[in-house]
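> My questions will all concern the structure given below.
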Amino acid sequence: MFKFIFKKEQRIQKLIFEYLDTMKLCQDSFLKALQACLLNGSLCENFDFFIKQTHKFESKADDINDEINNLMYGKALIPDSRGDILGLLGAMDEIPDLFERILYMIQTQRLTVPEYLIDDIRDLVRISLECCDLLARQATALFKKTEGIRALLNTIDTNESHCDHIERRIITKIFESDMEPLQKLQIKDLIIEIGDISDEADKVSRRINIISMKRRI
Amino acid sequence: MFSLLGGIFLGWSLGANDASNVFGTAVSSKMVKFWTAALLASTFVVIGAILSGQAGIETLKGLTSISLKQAVISSVAAAITVTIMTFLGLPVSTSQSVVGSILGIGILNNQLNMAGLGKVVACWIGTPIGAAIISVLLYYGLGRLYNRAALNLFESDALIRILMIVAGSYGAYALGANNVANVTAVFVGAGLINVFYAALIGGLSIALGILTYSKPVMETVGKKLVRLDPFSALIVVLSLALTVHFYTLVGVPVSTSQAVIGGVLGIGLVKGVNTVSRLTLRNILLAWLLTPVVACFFSITINFVIHLHYIPAQ
């Protein structure tokens, strides 16, 4: 509707979908990096390559975000929508940042995960990334059609609670183990960072729901 | 033609002040660029004045018989009143000050059309009330349609921007049609110009005010209004336009400022919040009572002063 008039807005819409695609690529390469090193023993094949890939996609997401900001400051959209989209993308941008930060943490601190934690961490990562997939679907619903936003929020919320539960379980196991105290703290920090992925996804999901609700009369 | 200058000045100040009521929210919130708003508003004000301004001109003309000199006096008295009330920060109505100044002339001439005056006062009371009622009805009616359309963020944004421009243009049309009588009706009554020229000159002088001096007023007055969500802002402008258009058909010039406040009050009623502060309401009431009285006073005083003659001592 009105596509012939609002060219700047169309460009923003296209960039937002490009941003979501880039976020998905960043997420895939984050998962490959974890699988290459942390979740498959200590093989660490191609780990550095996947870190570079993750960094590349994270930077690309930043560039797209900047371009959207510039278009917004060029007075595209009404101020209310402008504020909503800027806030949403700002919050969403925390997620690729987290992916990159987690991988750098593993790389710089040379972290290795004990065998007995691998299954739990694999679950934590899987459910956290599922939250990100659901979040992308929810954002698409906001910008393409308005149905299903609330249902997706509920699913993300359930997943986030599940992640919190797994996170607590892993941390308990860490401190019950006979690992070196320094290693305990390092692994605990890593788990907290991974747990933050679902927390961030949940926060952004709530924001999307509010943006959608605001547009109901 | 020199006598028309007072009226043209009044039209200019009306355009500079009242354009903010129709496009102020859209411009101050950057929904519409100032020049887009100013060009649309000035065009539709002139169209409204020419096509539908006649009824209001006939009503004001019929309030009392008036000479050319008295027409100039009433214009100047109305302009002074608007200036003073604006200086005091009260939400002044040009319509009320014009009717007040004509009333002053009527008192001096000992000739007043009380039935016409009663109709005008009734419409003044009906303006904010009518706008509030229309605003409530529109909010529910259009809100239901809007929800049913289930638009995404971009579609909703585009629709509201387009409707805001359409509603603003309609508001400008109603402003021109309704308020042109304030500017030049007295000169028709005095026999200086006919109704068509009165509408044309009045419309052009309002448009001149919009094009030359409405920018700062739009930017500040728009922000002074309560911060409304875009849909509510649209409803307020639409209810203003419909209310003022209704009174145009009745043939009574009313205040667009009071219609806006009525519309905002209506939104407050729907949402169950105080959209207009007690201080604003007090100022409106004060201005409502004071404006016609002050204009009447100035009209009588100016008339008295220019009829003073120096009588040398014998």
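Scheme for the structure tokens: letters A, B, ... for chains in order shown; per-chain residue numbers from 1; ligand numbers from 1 in order shown.
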Using only C-alpha atoms and a distance of at most 10 Å, pull out the residues of chain B that contact chain A, as a PyMOL selection string.

chain B and resi 26+29-33+139-140+142-148+150-162+229-232

> So that I can see what lies close to Ile47 of chain B, please list as a list in words the residues with an atom at most 7 Å from it, counting only C-alpha atoms and leaving out residues fewer than 4 positions away in the same chain.

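That gives Thr43, Leu51 and Tyr173 of chain B.
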
> Extract, using only C-alpha atoms, all DNA, RNA and protein residues at most 12 Å from segment 190-197 of chain B, discarding same-chain residues fewer than 4 positions from it, and format them as JSON, numbers by chain.

{"B": [1, 2, 3, 4, 46, 47, 49, 50, 51, 52, 53, 54, 55, 56, 57, 58, 59, 60, 61, 62, 64, 65, 66, 67, 68, 69, 70, 71, 72, 73, 74, 102, 180, 181, 183, 184, 185, 186, 201, 202, 203, 204, 205]}

> Please write the residues from the selection above to a file, keeping C-alpha atoms, as a PDB file, in the first residue's frame.


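Listed below is the output, out_37.pdb:
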```pdb
ATOM      1  CA  MET B   1      -9.436  50.096  -0.355  1.00  0.00           C
ATOM      2  CA  PHE B   2      -7.048  51.527   2.278  1.00  0.00           C
ATOM      3  CA  SER B   3      -9.849  50.883   4.794  1.00  0.00           C
ATOM      4  CA  LEU B   4      -9.446  47.138   4.209  1.00  0.00           C
ATOM      5  CA  VAL B  46      -8.616  30.183  -0.033  1.00  0.00           C
ATOM      6  CA  ILE B  47     -10.739  27.434  -1.638  1.00  0.00           C
ATOM      7  CA  ALA B  49     -13.278  30.893   1.833  1.00  0.00           C
ATOM      8  CA  ILE B  50     -14.443  31.252  -1.780  1.00  0.00           C
ATOM      9  CA  LEU B  51     -16.667  28.158  -1.949  1.00  0.00           C
ATOM     10  CA  SER B  52     -18.262  28.169   1.502  1.00  0.00           C
ATOM     11  CA  GLY B  53     -17.459  31.469   3.222  1.00  0.00           C
ATOM     12  CA  GLN B  54     -20.690  33.214   2.245  1.00  0.00           C
ATOM     13  CA  ALA B  55     -22.936  31.978   5.081  1.00  0.00           C
ATOM     14  CA  GLY B  56     -20.651  33.282   7.861  1.00  0.00           C
ATOM     15  CA  ILE B  57     -20.242  36.627   6.121  1.00  0.00           C
ATOM     16  CA  GLU B  58     -24.030  36.990   5.882  1.00  0.00           C
ATOM     17  CA  THR B  59     -24.430  36.174   9.615  1.00  0.00           C
ATOM     18  CA  LEU B  60     -21.858  38.700  10.840  1.00  0.00           C
ATOM     19  CA  LYS B  61     -23.088  41.314   8.370  1.00  0.00           C
ATOM     20  CA  GLY B  62     -26.586  40.863   9.765  1.00  0.00           C
ATOM     21  CA  THR B  64     -25.918  45.257  13.055  1.00  0.00           C
ATOM     22  CA  SER B  65     -25.889  48.036  10.456  1.00  0.00           C
ATOM     23  CA  ILE B  66     -22.429  49.452  10.139  1.00  0.00           C
ATOM     24  CA  SER B  67     -20.747  52.385   8.361  1.00  0.00           C
ATOM     25  CA  LEU B  68     -17.337  52.132   6.666  1.00  0.00           C
ATOM     26  CA  LYS B  69     -15.691  54.082   9.496  1.00  0.00           C
ATOM     27  CA  GLN B  70     -17.281  51.740  12.056  1.00  0.00           C
ATOM     28  CA  ALA B  71     -16.166  48.716  10.043  1.00  0.00           C
ATOM     29  CA  VAL B  72     -12.558  49.917  10.263  1.00  0.00           C
ATOM     30  CA  ILE B  73     -12.984  50.621  13.994  1.00  0.00           C
ATOM     31  CA  SER B  74     -14.368  47.152  14.658  1.00  0.00           C
ATOM     32  CA  ILE B 102     -19.335  44.413  16.197  1.00  0.00           C
ATOM     33  CA  VAL B 180     -13.127  34.354   6.516  1.00  0.00           C
ATOM     34  CA  ALA B 181     -16.220  36.152   7.821  1.00  0.00           C
ATOM     35  CA  VAL B 183     -11.785  39.181   8.371  1.00  0.00           C
ATOM     36  CA  THR B 184     -14.003  40.946   5.864  1.00  0.00           C
ATOM     37  CA  ALA B 185     -17.696  40.596   6.841  1.00  0.00           C
ATOM     38  CA  VAL B 186     -17.804  44.080   8.381  1.00  0.00           C
ATOM     39  CA  ILE B 201      -9.510  39.023   0.028  1.00  0.00           C
ATOM     40  CA  GLY B 202     -10.179  37.401   3.415  1.00  0.00           C
ATOM     41  CA  GLY B 203      -8.986  33.998   2.188  1.00  0.00           C
ATOM     42  CA  LEU B 204      -5.831  35.459   0.653  1.00  0.00           C
ATOM     43  CA  SER B 205      -4.965  37.434   3.790  1.00  0.00           C
TER      44      SER B 205
END
```

> Applying 10 Å and only C-alpha atoms, which residues near Asn65 of chain A remain after dropping the ones on its own chain fewer than 2 positions away? List them as an MDAnalysis selection string.

chainID A and resid 12 15:16 18:19 59:63 67:71 86 89:90 93

> For Gln111 of chain B, which residue among B:Leu63, B:Ala131, B:Val98, B:Leu211 is the nearest when counting only C-alpha atoms?

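For Gln111 of chain B, the nearest of the given residues is B:Leu63.
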
> Report the residues of segment 5-69 of chain A whose backbone DSSP state falls under alpha helix (DSSP H), written as a ChimeraX atom specification.

/A:7-36,47-69

> May I ask for the distance between atom CA of Trp124 of chain B and atom CA of Gln258 of chain B, given in Å to one decimal place?

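One can read the atom CA of Trp124 of chain B to atom CA of Gln258 of chain B distance as 8.6 Å.
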
> Env of Ala33 of chain A: 9 Å cut, atoms = only C-alpha atoms, seq-sep filter 6 positions within chain, self excluded. Answer as a PyMOL selection string.

chain A and resi 44-51+54+103

> Print the selection's residues with C-alpha atoms to a file, as a PDB file, in the first residue's frame.


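Final output, saved to result-v1.pdb:
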```pdb
ATOM      1  CA  CYS A  44      38.801 -26.802  17.606  1.00  0.00           C
ATOM      2  CA  GLU A  45      39.075 -27.284  13.873  1.00  0.00           C
ATOM      3  CA  ASN A  46      38.115 -24.181  11.913  1.00  0.00           C
ATOM      4  CA  PHE A  47      37.322 -22.371  15.194  1.00  0.00           C
ATOM      5  CA  ASP A  48      39.268 -19.250  14.227  1.00  0.00           C
ATOM      6  CA  PHE A  49      37.633 -19.232  10.811  1.00  0.00           C
ATOM      7  CA  PHE A  50      34.122 -19.297  12.337  1.00  0.00           C
ATOM      8  CA  ILE A  51      35.059 -16.550  14.804  1.00  0.00           C
ATOM      9  CA  THR A  54      30.822 -14.343  13.200  1.00  0.00           C
ATOM     10  CA  LEU A 103      33.494 -16.762  21.095  1.00  0.00           C
TER      11      LEU A 103
END
```
